[in-house]
file final33.cif (mmCIF, N, CA and C atoms and all ligand atoms)
data_target
loop_
_atom_site.label_atom_id
_atom_site.label_comp_id
_atom_site.auth_asym_id
_atom_site.auth_seq_id
_atom_site.Cartn_x
_atom_site.Cartn_y
_atom_site.Cartn_z
N MET A 1 91.49 104.50 66.97
CA MET A 1 91.79 103.65 68.14
C MET A 1 90.89 104.04 69.32
N LYS A 2 90.41 103.05 69.98
CA LYS A 2 89.59 103.33 71.16
C LYS A 2 90.46 103.94 72.26
N THR A 3 89.87 104.84 73.00
CA THR A 3 90.66 105.40 74.10
C THR A 3 90.73 104.39 75.24
N HIS A 4 91.81 104.43 75.94
CA HIS A 4 92.01 103.59 77.12
C HIS A 4 91.90 102.09 76.82
N THR A 5 92.42 101.68 75.68
CA THR A 5 92.41 100.24 75.38
C THR A 5 93.21 99.46 76.41
N TRP A 6 94.14 100.14 77.07
CA TRP A 6 94.96 99.45 78.07
C TRP A 6 94.12 98.90 79.21
N ARG A 7 92.98 99.52 79.45
CA ARG A 7 92.15 99.07 80.58
C ARG A 7 91.74 97.61 80.46
N SER A 8 91.55 97.16 79.21
CA SER A 8 91.12 95.77 79.04
C SER A 8 92.20 94.78 79.46
N GLN A 9 93.44 95.27 79.56
CA GLN A 9 94.52 94.38 79.98
C GLN A 9 94.96 94.65 81.42
N ALA A 10 94.18 95.45 82.11
CA ALA A 10 94.57 95.82 83.47
C ALA A 10 94.58 94.60 84.39
N ARG A 11 95.67 94.45 85.08
CA ARG A 11 95.81 93.33 85.99
C ARG A 11 94.89 93.47 87.22
N CYS A 12 94.46 94.68 87.48
CA CYS A 12 93.62 94.92 88.66
C CYS A 12 92.15 94.60 88.39
N GLN A 13 91.83 94.24 87.17
CA GLN A 13 90.43 93.91 86.87
C GLN A 13 89.94 92.78 87.76
N GLY A 14 88.81 92.98 88.38
CA GLY A 14 88.22 91.94 89.21
C GLY A 14 88.79 91.87 90.61
N ILE A 15 89.81 92.69 90.87
CA ILE A 15 90.40 92.71 92.22
C ILE A 15 89.70 93.80 93.04
N ASP A 16 89.51 93.53 94.30
CA ASP A 16 88.86 94.49 95.19
C ASP A 16 89.46 95.90 95.02
N PRO A 17 88.68 96.86 94.52
CA PRO A 17 89.22 98.20 94.27
C PRO A 17 89.75 98.88 95.53
N GLU A 18 89.25 98.46 96.67
CA GLU A 18 89.71 99.10 97.92
C GLU A 18 91.21 98.99 98.11
N ILE A 19 91.78 97.91 97.56
CA ILE A 19 93.22 97.70 97.66
C ILE A 19 93.96 98.87 97.00
N PHE A 20 93.33 99.43 95.96
CA PHE A 20 93.98 100.50 95.20
C PHE A 20 93.69 101.89 95.76
N TYR A 21 92.92 101.92 96.82
CA TYR A 21 92.64 103.20 97.48
C TYR A 21 92.98 103.10 98.97
N PRO A 22 94.26 102.88 99.26
CA PRO A 22 94.66 102.71 100.66
C PRO A 22 94.54 104.04 101.42
N ALA A 23 94.35 103.91 102.72
CA ALA A 23 94.20 105.10 103.55
C ALA A 23 95.49 105.91 103.59
N ALA A 24 96.62 105.22 103.50
CA ALA A 24 97.91 105.91 103.56
C ALA A 24 98.87 105.26 102.57
N ASP A 25 99.87 106.03 102.16
CA ASP A 25 100.87 105.51 101.21
C ASP A 25 101.50 104.22 101.73
N GLU A 26 101.66 104.16 103.06
CA GLU A 26 102.32 103.01 103.67
C GLU A 26 101.51 101.73 103.46
N ASP A 27 100.22 101.86 103.17
CA ASP A 27 99.37 100.68 102.98
C ASP A 27 99.21 100.33 101.50
N ALA A 28 100.04 100.91 100.66
CA ALA A 28 99.86 100.73 99.22
C ALA A 28 100.66 99.55 98.66
N ASP A 29 101.36 98.82 99.51
CA ASP A 29 102.25 97.76 99.01
C ASP A 29 101.55 96.70 98.19
N GLU A 30 100.36 96.29 98.63
CA GLU A 30 99.66 95.22 97.91
C GLU A 30 99.30 95.70 96.50
N ALA A 31 98.78 96.91 96.40
CA ALA A 31 98.43 97.46 95.09
C ALA A 31 99.67 97.59 94.22
N LYS A 32 100.74 98.09 94.81
CA LYS A 32 101.97 98.29 94.03
C LYS A 32 102.50 96.97 93.51
N SER A 33 102.38 95.93 94.30
CA SER A 33 102.89 94.64 93.86
C SER A 33 102.05 94.10 92.69
N ILE A 34 100.76 94.36 92.70
CA ILE A 34 99.92 93.95 91.56
C ILE A 34 100.31 94.78 90.32
N CYS A 35 100.46 96.06 90.50
CA CYS A 35 100.85 96.93 89.38
C CYS A 35 102.19 96.53 88.79
N SER A 36 103.11 96.07 89.64
CA SER A 36 104.45 95.76 89.13
C SER A 36 104.42 94.58 88.17
N ASN A 37 103.36 93.78 88.19
CA ASN A 37 103.23 92.66 87.25
C ASN A 37 102.19 92.94 86.19
N CYS A 38 101.85 94.18 85.99
CA CYS A 38 100.79 94.54 85.04
C CYS A 38 101.42 94.95 83.71
N ASN A 39 100.91 94.41 82.62
CA ASN A 39 101.47 94.69 81.28
C ASN A 39 101.23 96.11 80.82
N VAL A 40 100.25 96.78 81.42
CA VAL A 40 99.92 98.13 80.95
C VAL A 40 100.24 99.19 82.00
N ARG A 41 101.20 98.88 82.84
CA ARG A 41 101.53 99.77 83.94
C ARG A 41 101.88 101.19 83.45
N LEU A 42 102.71 101.28 82.42
CA LEU A 42 103.13 102.61 81.98
C LEU A 42 101.98 103.40 81.37
N ALA A 43 101.14 102.72 80.60
CA ALA A 43 99.98 103.42 80.01
C ALA A 43 99.07 103.92 81.11
N CYS A 44 98.89 103.11 82.13
CA CYS A 44 98.04 103.47 83.26
C CYS A 44 98.62 104.65 84.02
N LEU A 45 99.92 104.61 84.25
CA LEU A 45 100.58 105.71 84.96
C LEU A 45 100.48 107.01 84.14
N GLU A 46 100.75 106.92 82.86
CA GLU A 46 100.69 108.13 82.02
C GLU A 46 99.28 108.71 81.98
N TYR A 47 98.28 107.83 81.96
CA TYR A 47 96.90 108.30 81.98
C TYR A 47 96.62 109.07 83.27
N ALA A 48 97.02 108.48 84.38
CA ALA A 48 96.76 109.12 85.68
C ALA A 48 97.49 110.46 85.78
N LEU A 49 98.70 110.53 85.23
CA LEU A 49 99.45 111.78 85.25
C LEU A 49 98.76 112.82 84.36
N ALA A 50 98.28 112.38 83.20
CA ALA A 50 97.67 113.29 82.24
C ALA A 50 96.38 113.90 82.78
N VAL A 51 95.59 113.11 83.48
CA VAL A 51 94.31 113.63 83.97
C VAL A 51 94.43 114.14 85.41
N ARG A 52 95.66 114.14 85.93
CA ARG A 52 95.90 114.59 87.31
C ARG A 52 95.00 113.83 88.29
N GLU A 53 94.94 112.52 88.09
CA GLU A 53 94.13 111.67 88.98
C GLU A 53 94.58 111.87 90.42
N ARG A 54 93.67 112.17 91.28
CA ARG A 54 94.06 112.54 92.64
C ARG A 54 94.12 111.36 93.60
N ASP A 55 93.23 110.41 93.41
CA ASP A 55 93.14 109.36 94.42
C ASP A 55 93.59 108.01 93.90
N GLY A 56 94.15 107.25 94.80
CA GLY A 56 94.42 105.86 94.50
C GLY A 56 95.78 105.59 93.89
N VAL A 57 96.08 104.30 93.77
CA VAL A 57 97.34 103.85 93.18
C VAL A 57 97.08 103.59 91.69
N TRP A 58 97.85 104.23 90.85
CA TRP A 58 97.74 104.07 89.39
C TRP A 58 99.14 103.81 88.86
N GLY A 59 99.27 102.79 88.04
CA GLY A 59 100.58 102.52 87.45
C GLY A 59 101.66 102.30 88.49
N GLY A 60 101.27 101.81 89.65
CA GLY A 60 102.23 101.52 90.70
C GLY A 60 102.64 102.74 91.52
N ALA A 61 101.99 103.87 91.29
CA ALA A 61 102.38 105.08 92.03
C ALA A 61 101.20 105.64 92.81
N THR A 62 101.49 106.06 94.03
CA THR A 62 100.46 106.69 94.85
C THR A 62 100.29 108.14 94.39
N GLU A 63 99.29 108.80 94.93
CA GLU A 63 99.04 110.19 94.55
C GLU A 63 100.27 111.06 94.85
N ARG A 64 100.88 110.82 96.01
CA ARG A 64 102.04 111.61 96.39
C ARG A 64 103.21 111.35 95.42
N GLU A 65 103.36 110.07 95.06
CA GLU A 65 104.45 109.73 94.13
C GLU A 65 104.21 110.32 92.74
N ARG A 66 102.94 110.35 92.34
CA ARG A 66 102.64 110.95 91.03
C ARG A 66 102.91 112.45 91.04
N ARG A 67 102.63 113.10 92.16
CA ARG A 67 102.93 114.55 92.24
C ARG A 67 104.43 114.77 92.10
N ARG A 68 105.21 113.85 92.73
CA ARG A 68 106.66 113.97 92.66
C ARG A 68 107.14 113.80 91.21
N ILE A 69 106.57 112.83 90.50
CA ILE A 69 106.95 112.60 89.11
C ILE A 69 106.66 113.85 88.27
N LEU A 70 105.50 114.44 88.49
CA LEU A 70 105.13 115.64 87.71
C LEU A 70 106.07 116.79 88.03
N ARG A 71 106.45 116.93 89.32
CA ARG A 71 107.39 117.99 89.69
C ARG A 71 108.73 117.78 89.00
N GLN A 72 109.21 116.53 89.01
CA GLN A 72 110.50 116.23 88.38
C GLN A 72 110.45 116.51 86.89
N ARG A 73 109.33 116.16 86.26
CA ARG A 73 109.23 116.40 84.81
C ARG A 73 109.22 117.89 84.50
N ARG A 74 108.53 118.67 85.36
CA ARG A 74 108.52 120.12 85.13
C ARG A 74 109.91 120.70 85.24
N ARG A 75 110.69 120.16 86.20
CA ARG A 75 112.04 120.66 86.43
C ARG A 75 112.96 120.36 85.25
N THR A 76 112.78 119.17 84.66
CA THR A 76 113.68 118.77 83.59
C THR A 76 113.15 119.17 82.21
N ALA A 77 111.95 119.77 82.17
CA ALA A 77 111.36 120.12 80.86
C ALA A 77 112.08 121.33 80.26
S1 LIG B 1 99.13 99.46 86.64
FE1 LIG B 1 98.02 98.85 88.46
S2 LIG B 1 96.26 100.22 88.57
FE2 LIG B 1 97.10 100.34 86.51
S3 LIG B 1 95.95 98.91 85.30
FE3 LIG B 1 97.75 97.85 86.04
S4 LIG B 1 97.19 96.87 87.94
FE4 LIG B 1 95.61 98.38 87.47
#

call {"tool": "encode", "arguments": {"input": "final33.cif", "output": "structure tokens", "more": "lines below"}}
Ligand code: SF4
result
Amino acid sequence: MKTHTWRSQARCQGIDPEIFYPAADEDADEAKSICSNCNVRLACLEYALAVRERDGVWGGATERERRRILRQRRRTA
């Protein structure tokens, strides 16, 4: 299987990438709303968590939100 096959179904394809790199979490609403209608949201989120992606909105989560998810998973592991 090709890696990252989910990318071909990404709803953000062709959309201005700047939307996904907001200056602050508070400006991430537009990106989050696109992600919420994306068929590969979970694959995208898991990828970003796995590679510890630092910047941008991935799978509907900002960098700060992804750090929180990782902390919660460590606690419940
Ligand atoms: S979840 Fe969001 S960032 Fe990830 S592929 Fe879908 S639209 Fe793009």

call {"tool": "residues_near_ligand", "arguments": {"input": "final33.cif", "ligand": "ligand LIG 1 (chain B)", "cutoff": "6.5 Å", "atoms": "only N, CA and C atoms and all ligand atoms", "output": "VMD selection string"}}
result
chain A and resid 6 to 7 9 to 13 31 34 to 36 38 to 42 44 to 45 57 to 60

call {"tool": "atom_distance", "arguments": {"input": "final33.cif", "atom1": "atom CA of Pro22 of chain A", "atom2": "atom CA of Leu49 of chain A"}}
result
18.5 Å

call {"tool": "residues_around", "arguments": {"input": "final33.cif", "residues": "segment 64-69 of chain A", "least_positions_apart": "3", "cutoff": "9 Å", "atoms": "only C-alpha atoms", "output": "PyMOL selection string"}}
result
chain A and resi 25+45+48-49+52-54+58+61+72-74

call {"tool": "atom_distance", "arguments": {"input": "final33.cif", "atom1": "atom N of Arg75 of chain A", "atom2": "atom C of Glu26 of chain A"}}
result
26.9 Å

call {"tool": "atom_distance", "arguments": {"input": "final33.cif", "atom1": "atom CA of Asp27 of chain A", "atom2": "atom CA of Ser8 of chain A"}}
result
25.8 Å

call {"tool": "select_by_dssp", "arguments": {"input": "final33.cif", "residues": "chain A", "states": "alpha helix (DSSP H)", "output": "PyMOL selection string"}}
result
chain A and resi 29-36+41-50+63-76

call {"tool": "closest_residue", "arguments": {"input": "final33.cif", "among": "A:Lys32, A:Phe20, A:Arg71, A:Ile15", "to": "Asp55 of chain A", "atoms": "only N, CA and C atoms"}}
result
A:Phe20

call {"tool": "axis_aligned_box", "arguments": {"input": "final33.cif", "around": "segment 54-63 of chain A", "padding_each_side": "5 Å", "output": "lines of an AutoDock Vina configuration file"}}
result
center_x = 97.9
center_y = 107.0
center_z = 91.2
size_x = 19.5
size_y = 21.0
size_z = 17.5

call {"tool": "decode", "arguments": {"input": "final33.cif", "residues": "chain A", "atoms": "C-alpha atoms", "output": "compact mmCIF listing (two decimals), in the first residue's frame"}}
result
# COMPACT_ATOMS: atom_id res chain seq x y z
CA MET A 1 0.00 0.00 0.00
CA LYS A 2 1.23 3.46 -0.80
CA THR A 3 1.94 5.60 2.19
CA HIS A 4 -0.36 8.52 2.85
CA THR A 5 -3.03 7.43 0.38
CA TRP A 6 -5.41 9.55 2.43
CA ARG A 7 -3.80 12.67 1.01
CA SER A 8 -5.45 12.09 -2.35
CA GLN A 9 -8.82 12.47 -0.64
CA ALA A 10 -7.87 15.50 1.40
CA ARG A 11 -10.57 18.10 1.38
CA CYS A 12 -7.97 20.84 1.74
CA GLN A 13 -6.46 20.07 -1.67
CA GLY A 14 -6.42 23.20 -3.77
CA ILE A 15 -7.41 25.42 -0.86
CA ASP A 16 -5.11 28.25 0.17
CA PRO A 17 -2.66 26.56 2.59
CA GLU A 18 -2.41 29.74 4.62
CA ILE A 19 -5.84 28.96 6.04
CA PHE A 20 -4.29 25.89 7.66
CA TYR A 21 -1.45 27.84 9.21
CA PRO A 22 -3.25 30.49 11.24
CA ALA A 23 -1.26 32.88 13.38
CA ALA A 24 -3.23 31.87 16.47
CA ASP A 25 -5.51 29.02 17.52
CA GLU A 26 -8.36 31.52 17.61
CA ASP A 27 -8.00 32.01 13.84
CA ALA A 28 -8.25 28.30 13.07
CA ASP A 29 -12.04 28.13 12.69
CA GLU A 30 -12.08 28.18 8.90
CA ALA A 31 -9.55 25.34 8.67
CA LYS A 32 -11.37 23.35 11.32
CA SER A 33 -14.64 23.69 9.50
CA ILE A 34 -13.05 22.33 6.30
CA CYS A 35 -11.50 19.45 8.24
CA SER A 36 -14.82 18.61 9.87
CA ASN A 37 -16.20 17.71 6.42
CA CYS A 38 -13.11 15.80 5.31
CA ASN A 39 -13.40 12.03 4.72
CA VAL A 40 -9.84 11.40 5.83
CA ARG A 41 -9.81 13.55 8.94
CA LEU A 42 -8.82 10.75 11.31
CA ALA A 43 -6.03 9.45 9.08
CA CYS A 44 -4.71 12.99 8.77
CA LEU A 45 -4.87 13.57 12.51
CA GLU A 46 -3.14 10.28 13.29
CA TYR A 47 -0.40 11.08 10.79
CA ALA A 48 0.22 14.47 12.36
CA LEU A 49 0.31 12.92 15.83
CA ALA A 50 2.68 10.17 14.69
CA VAL A 51 5.21 12.53 13.13
CA ARG A 52 4.74 15.15 15.88
CA GLU A 53 3.83 17.73 13.24
CA ARG A 54 4.43 21.06 14.88
CA ASP A 55 2.73 23.60 12.69
CA GLY A 56 -0.69 24.06 11.28
CA VAL A 57 -4.14 22.52 11.56
CA TRP A 58 -4.18 18.78 10.82
CA GLY A 59 -7.23 16.57 11.16
CA GLY A 60 -9.15 19.48 12.63
CA ALA A 61 -6.69 20.01 15.48
CA THR A 62 -4.26 22.83 16.09
CA GLU A 63 -0.74 22.19 17.33
CA ARG A 64 -1.81 22.95 20.89
CA GLU A 65 -4.79 20.61 20.61
CA ARG A 66 -2.60 17.84 19.24
CA ARG A 67 -0.22 18.22 22.17
CA ARG A 68 -3.21 17.87 24.49
CA ILE A 69 -4.34 14.69 22.70
CA LEU A 70 -0.86 13.18 23.03
CA ARG A 71 -0.74 14.07 26.74
CA GLN A 72 -4.14 12.46 27.31
CA ARG A 73 -3.07 9.32 25.47
CA ARG A 74 0.11 9.05 27.53
CA ARG A 75 -1.95 9.36 30.70
CA THR A 76 -4.40 6.65 29.72
CA ALA A 77 -1.77 4.32 28.18
